[in-house]
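Below is model_29.tsv, which holds TSV, C-alpha atoms.
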```tsv
chain	number	residue	atom	x	y	z
W	25	GLU	CA	52.00	149.56	67.22
W	26	ALA	CA	52.68	149.68	70.95
W	27	GLN	CA	54.79	146.69	71.84
W	28	VAL	CA	57.66	145.09	73.67
W	29	THR	CA	60.21	143.32	71.50
W	30	GLN	CA	62.91	140.85	72.45
W	31	ASN	CA	65.85	139.47	70.51
W	32	PRO	CA	66.77	136.80	69.87
W	33	ARG	CA	63.64	134.70	70.19
W	34	TYR	CA	65.60	131.47	70.37
W	35	LEU	CA	69.19	130.91	71.40
W	36	ILE	CA	71.32	127.85	71.97
W	37	THR	CA	74.71	128.50	73.48
W	38	VAL	CA	77.44	126.82	75.47
W	39	THR	CA	78.48	127.20	79.08
W	40	GLY	CA	80.56	130.29	79.73
W	41	LYS	CA	79.93	132.15	76.49
W	42	LYS	CA	78.68	135.63	77.29
W	43	LEU	CA	75.36	136.60	75.78
W	44	THR	CA	72.91	139.49	75.76
W	45	VAL	CA	69.18	139.38	75.26
W	46	THR	CA	67.78	142.70	74.16
W	47	CYS	CA	64.45	144.18	75.17
W	48	SER	CA	62.90	147.31	73.74
W	49	GLN	CA	59.57	149.08	74.28
W	50	ASN	CA	58.04	151.96	72.37
W	51	MET	CA	55.44	153.06	74.94
W	52	ASN	CA	57.66	155.42	76.94
W	53	HIS	CA	57.21	153.25	80.02
W	54	GLU	CA	59.35	153.95	83.04
W	55	TYR	CA	59.20	150.48	84.55
W	56	MET	CA	60.79	147.47	82.87
W	57	SER	CA	61.42	144.01	84.18
W	58	TRP	CA	62.89	140.62	83.31
W	59	TYR	CA	61.33	137.32	84.29
W	60	ARG	CA	62.21	133.71	83.76
W	61	GLN	CA	59.53	131.09	83.38
W	62	ASP	CA	60.21	127.52	84.42
W	63	PRO	CA	57.81	124.56	84.67
W	64	GLY	CA	56.33	124.31	88.14
W	65	LEU	CA	57.94	127.56	89.27
W	66	GLY	CA	55.92	130.04	87.26
W	67	LEU	CA	57.29	133.52	86.62
W	68	ARG	CA	60.18	134.69	88.73
W	69	GLN	CA	61.52	138.19	88.54
W	70	ILE	CA	65.22	138.54	87.76
W	71	TYR	CA	65.78	142.28	87.71
W	72	TYR	CA	63.65	145.36	87.33
W	73	SER	CA	64.18	149.00	86.53
W	74	MET	CA	62.10	151.92	87.74
W	75	ASN	CA	63.64	154.37	85.28
W	76	VAL	CA	66.84	155.21	83.44
W	77	GLU	CA	69.90	154.29	85.52
W	78	VAL	CA	67.69	152.84	88.29
W	79	THR	CA	67.79	149.06	88.55
W	80	ASP	CA	67.30	146.58	91.36
W	81	LYS	CA	67.41	142.86	91.97
W	82	GLY	CA	64.34	140.74	91.76
W	83	ASP	CA	63.93	137.32	93.31
W	84	VAL	CA	66.50	135.39	91.25
W	85	PRO	CA	69.26	137.80	90.14
W	86	GLU	CA	72.26	135.47	90.48
W	87	GLY	CA	74.14	135.05	87.23
W	88	TYR	CA	72.48	137.97	85.50
W	89	LYS	CA	73.22	141.64	84.90
W	90	VAL	CA	71.12	144.44	83.45
W	91	SER	CA	71.57	148.02	82.38
W	92	ARG	CA	69.17	150.87	81.69
W	93	LYS	CA	70.98	153.58	79.80
W	94	GLU	CA	67.95	154.56	77.77
W	95	LYS	CA	64.30	154.52	78.65
W	96	ARG	CA	63.28	152.20	75.83
W	97	ASN	CA	65.95	149.50	76.24
W	98	PHE	CA	66.62	147.06	79.05
W	99	PRO	CA	69.11	144.35	78.01
W	100	LEU	CA	69.67	141.19	80.04
W	101	ILE	CA	73.29	140.07	80.21
W	102	LEU	CA	74.56	136.61	81.10
W	103	GLU	CA	78.30	136.99	81.63
W	104	SER	CA	78.99	133.27	82.00
W	105	PRO	CA	75.87	131.24	81.25
W	106	SER	CA	75.35	127.89	82.93
W	107	PRO	CA	72.90	125.07	82.15
W	108	ASN	CA	70.64	126.06	85.06
W	109	GLN	CA	69.91	129.26	83.18
W	110	THR	CA	68.18	127.32	80.46
W	111	SER	CA	64.72	128.84	80.54
W	112	LEU	CA	62.10	130.97	78.84
W	113	TYR	CA	62.73	134.66	79.46
W	114	PHE	CA	60.18	137.45	79.30
W	115	CYS	CA	60.69	141.16	79.32
W	116	ALA	CA	57.84	143.41	80.46
W	117	SER	CA	57.15	147.11	80.79
W	118	ARG	CA	54.53	149.38	82.30
W	119	PRO	CA	54.08	152.99	83.35
W	120	GLN	CA	55.41	153.71	86.82
W	121	GLY	CA	52.59	155.66	88.37
W	122	LEU	CA	52.20	156.17	92.09
W	123	ALA	CA	49.00	154.16	92.01
W	124	GLY	CA	48.83	150.57	90.95
W	125	GLY	CA	46.44	149.20	88.39
W	126	ASN	CA	48.87	149.62	85.52
W	127	GLU	CA	48.93	146.74	83.10
W	128	GLN	CA	52.25	145.10	82.32
W	129	PHE	CA	53.02	144.53	78.66
W	130	PHE	CA	55.07	141.46	77.91
W	131	GLY	CA	57.49	140.65	75.14
W	132	PRO	CA	57.17	137.45	73.08
W	133	GLY	CA	59.75	135.57	75.10
W	134	THR	CA	63.27	134.28	74.47
W	135	ARG	CA	63.90	130.57	74.77
W	136	LEU	CA	67.47	130.06	75.93
W	137	THR	CA	69.27	126.73	76.05
W	138	VAL	CA	72.69	126.53	77.66
W	139	LEU	CA	74.59	123.33	76.85
G	1	ALA	CA	57.09	141.20	101.93
G	2	GLN	CA	54.39	140.46	99.41
G	3	ARG	CA	53.49	136.99	98.26
G	4	VAL	CA	51.04	135.37	95.84
G	5	THR	CA	49.97	131.75	96.16
G	6	GLN	CA	48.24	129.70	93.51
G	7	PRO	CA	47.77	126.30	95.13
G	8	GLU	CA	46.83	124.36	91.99
G	9	LYS	CA	49.39	123.67	89.29
G	10	LEU	CA	46.82	122.01	87.06
G	11	LEU	CA	43.06	122.26	86.95
G	12	SER	CA	41.11	120.04	84.58
G	13	VAL	CA	37.42	120.64	83.96
G	14	PHE	CA	34.92	119.52	81.37
G	15	LYS	CA	33.54	121.92	78.83
G	16	GLY	CA	30.51	123.68	80.25
G	17	ALA	CA	31.54	123.10	83.86
G	18	PRO	CA	32.24	125.99	86.24
G	19	VAL	CA	35.84	127.07	86.76
G	20	GLU	CA	37.49	128.56	89.81
G	21	LEU	CA	41.21	129.30	89.83
G	22	LYS	CA	42.41	130.10	93.31
G	23	CYS	CA	44.70	132.94	94.28
G	24	ASN	CA	45.67	133.99	97.78
G	25	TYR	CA	47.95	136.84	98.65
G	26	SER	CA	49.95	138.25	101.51
G	27	TYR	CA	50.46	142.00	101.67
G	28	SER	CA	50.28	144.48	104.51
G	29	GLY	CA	48.71	147.36	102.61
G	30	SER	CA	45.99	147.72	99.98
G	31	PRO	CA	46.97	145.53	97.05
G	32	GLU	CA	46.32	145.90	93.37
G	33	LEU	CA	45.55	142.47	91.92
G	34	PHE	CA	45.58	141.14	88.39
G	35	TRP	CA	45.01	137.98	86.43
G	36	TYR	CA	47.20	137.35	83.41
G	37	VAL	CA	46.67	134.61	80.83
G	38	GLN	CA	49.16	132.87	78.58
G	39	TYR	CA	47.77	130.86	75.68
G	40	SER	CA	49.93	128.18	74.13
G	41	ARG	CA	53.09	129.64	72.59
G	42	GLN	CA	51.97	133.22	73.18
G	43	ARG	CA	53.07	136.01	75.45
G	44	LEU	CA	51.36	136.81	78.72
G	45	GLN	CA	48.51	139.26	78.49
G	46	LEU	CA	46.32	140.95	81.02
G	47	LEU	CA	42.99	139.25	81.55
G	48	LEU	CA	41.50	141.48	84.22
G	49	ARG	CA	42.35	143.70	87.17
G	50	HIS	CA	40.42	144.04	90.38
G	51	ILE	CA	40.04	147.82	90.30
G	52	SER	CA	38.14	147.64	87.02
G	53	ARG	CA	35.59	145.17	88.38
G	54	GLU	CA	35.09	143.96	84.85
G	55	SER	CA	34.21	140.68	83.20
G	56	ILE	CA	36.49	139.58	80.39
G	57	LYS	CA	35.72	136.53	78.24
G	58	GLY	CA	33.18	135.53	80.87
G	59	PHE	CA	35.75	135.56	83.69
G	60	THR	CA	35.30	137.54	86.88
G	61	ALA	CA	37.38	137.92	90.01
G	62	ASP	CA	36.45	139.52	93.29
G	63	LEU	CA	38.92	140.78	95.83
G	64	ASN	CA	38.13	139.39	99.27
G	65	LYS	CA	40.28	141.28	101.75
G	66	GLY	CA	39.05	139.25	104.69
G	67	GLU	CA	40.22	136.00	103.12
G	68	THR	CA	43.08	137.71	101.21
G	69	SER	CA	41.91	136.03	98.03
G	70	PHE	CA	41.33	136.97	94.41
G	71	HIS	CA	39.91	133.84	92.85
G	72	LEU	CA	39.15	133.76	89.12
G	73	LYS	CA	35.77	132.33	88.14
G	74	LYS	CA	33.81	131.46	85.06
G	75	PRO	CA	30.42	129.76	85.11
G	76	PHE	CA	30.84	127.69	81.95
G	77	ALA	CA	34.28	126.67	80.71
G	78	GLN	CA	35.06	126.73	76.99
G	79	GLU	CA	37.80	124.82	75.18
G	80	GLU	CA	39.47	128.08	74.20
G	81	ASP	CA	39.94	128.89	77.89
G	82	SER	CA	42.68	126.25	78.09
G	83	ALA	CA	45.79	128.23	79.03
G	84	MET	CA	48.16	129.13	81.82
G	85	TYR	CA	46.77	131.63	84.31
G	86	TYR	CA	48.86	133.81	86.60
G	87	CYS	CA	47.69	135.87	89.52
G	88	ALA	CA	49.78	138.98	90.22
G	89	LEU	CA	49.96	141.56	92.98
G	90	SER	CA	51.25	145.11	92.70
G	91	GLY	CA	52.27	146.66	95.99
G	92	ARG	CA	54.46	149.43	97.28
G	93	SER	CA	57.93	148.36	98.23
G	94	GLY	CA	60.52	150.92	99.24
G	95	GLY	CA	58.69	153.76	97.54
G	96	TYR	CA	58.06	151.89	94.33
G	97	GLN	CA	55.40	149.59	92.96
G	98	LYS	CA	56.62	146.02	92.90
G	99	VAL	CA	54.81	143.28	91.01
G	100	THR	CA	54.83	139.69	92.29
G	101	PHE	CA	53.45	136.76	90.31
G	102	GLY	CA	52.11	133.46	91.54
G	103	THR	CA	53.46	130.20	90.17
G	104	GLY	CA	50.55	129.83	87.78
G	105	THR	CA	47.73	127.35	87.20
G	106	LYS	CA	47.33	125.46	83.99
G	107	LEU	CA	43.67	125.21	83.04
G	108	GLN	CA	42.76	122.28	80.84
G	109	VAL	CA	39.22	122.21	79.45
G	110	ILE	CA	38.22	118.74	78.33
G	111	PRO	CA	35.85	118.61	75.36
```

How does the structure come out when it is put into structure tokens?
Amino acid sequence: EAQVTQNPRYLITVTGKKLTVTCSQNMNHEYMSWYRQDPGLGLRQIYYSMNVEVTDKGDVPEGYKVSRKEKRNFPLILESPSPNQTSLYFCASRPQGLAGGNEQFFGPGTRLTVL
Amino acid sequence: AQRVTQPEKLLSVFKGAPVELKCNYSYSGSPELFWYVQYSRQRLQLLLRHISRESIKGFTADLNKGETSFHLKKPFAQEEDSAMYYCALSGRSGGYQKVTFGTGTKLQVIP
């Protein structure tokens, strides 16, 4: 089944304790992206990747890191989490064609709470 | 820079009433526009895209370049339409396709 998976789905941690949220897709998509969803603010892009070893900042990259060593995986790293990073995180992927119109496929979400 | 504006955070309508979720965009080129839906406790999923000119679950959306709008419409709301709706724009940025989402509108259909 074509899908985007994220792990963990739920995480409660403490300030300053490094964590990684994994994202994997099995559709051979070039483009992958991380978003955070907060009430009243909608979806905001954190980082995106156009292909292996090609990443760039989105609208709210502060406090986050990413890597794209393989096409299927795009982990989100919080080196020193803070309470303002408490949020619902979504990973997404899509083909990176020259034309638009390509649907984004979203993961199930990771609910992170930083105490 | 590209931008998507959804002016309503919450839209409440009665079952059977018409629905219009507003979306305005700012983009200098020819945009690709989408509507995504998120039902309670589920992941986002594509509802429709403007290039397909399709109707999904009774919803339609027409791209109006003059008004830079892509409003989502349905003539008769159903309870199962209650969800969060996001408008999104895909545009070229530095040689790549960048996707920008609006802040979303929560649709509440009252029985």

Checklist entry - When the cut-off is 10 Å and we count all atoms listed in the file, which residues of chain W are near chain G, given as an NGL selection string? => result :W and (55 or 57 or 59 or 61-69 or 72 or 74 or 82-83 or 114-116 or 120-133)

Next on the checklist: Report, in Å to a single decimal, how far apart atom CA of Thr46 of chain W and atom CA of Gly87 of chain W are.
Outcome noted: 16.4 Å

Checklist entry - Leaving out Thr37 of chain W and any residue of its chain fewer than 4 positions from it, which residues lie within 8 Å of it when counting all atoms listed in the file, given as an MDAnalysis selection string? => result chainID W and resid 41 136:139

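Between atom CA of Pro18 of chain G and atom CA of Phe59 of chain G there is a distance of 10.5 Å.
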
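Separating atom CA of Arg118 of chain W from atom CA of Ser28 of chain G is a distance of 23.1 Å.
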
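The list of residues with at least one atom within 10 Å of Lys74 of chain G, based on all atoms listed in the file and without residues fewer than 6 positions apart in the same chain, reads Gly16, Ala17, Pro18, Val19, Glu20, Leu21, Ser55, Ile56, Lys57, Gly58, Phe59, Thr60, Ala61 and Asp81 of chain G.
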
Item to check | Test item: residues at most 6 Å from Leu112 of chain W, only C-alpha atoms, excluding those fewer than 4 positions along its chain, as a PyMOL selection string | outcome: chain W and resi 60-61+134-135

Item to check | Non-local contacts of Asn64 of chain G (10 Å; only C-alpha atoms; under 6 positions in same chain excluded) as a VMD selection string | outcome: chain G and resid 24 70 to 71

Would you put the residues from that selection into a file with C-alpha atoms, as a tab-separated table (two decimals), keeping the file's coordinate frame?
```tsv
chain	number	residue	atom	x	y	z
G	24	ASN	CA	45.67	133.99	97.78
G	70	PHE	CA	41.33	136.97	94.41
G	71	HIS	CA	39.91	133.84	92.85
```

Each side padded by 5 Å, which centre and which edge lengths in Å (one decimal) define the axis-aligned box around the listed atoms of segment 78-97 of chain W? Give them as JSON.
```
{"center_x": 68.7, "center_y": 144.8, "center_z": 84.6, "size_x": 20.9, "size_y": 29.5, "size_z": 27.5}
```

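Excluding Gly40 of chain W and any residue on its chain fewer than 3 positions from it, the residues at most 9 Å away by all atoms listed in the file are Thr37, Leu102, Glu103, Ser104, Pro105, Ser106 and Val138 of chain W.
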
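Taking all atoms listed in the file into account, Pro99 of chain W lies nearest to W:Ser48 out of the set W:Ser48, W:Ser111, W:Thr39, W:Val76.
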
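The smallest atom-to-atom distance between Asn52 of chain W and any of W:Gln109, W:Thr29, W:Asn75, W:Ser91, using only C-alpha atoms, is found for W:Asn75.
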
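Nearest to Asn108 of chain W of all the residues W:Glu94, W:Arg33, W:Val38, W:Val78 is W:Val38, counting only C-alpha atoms.
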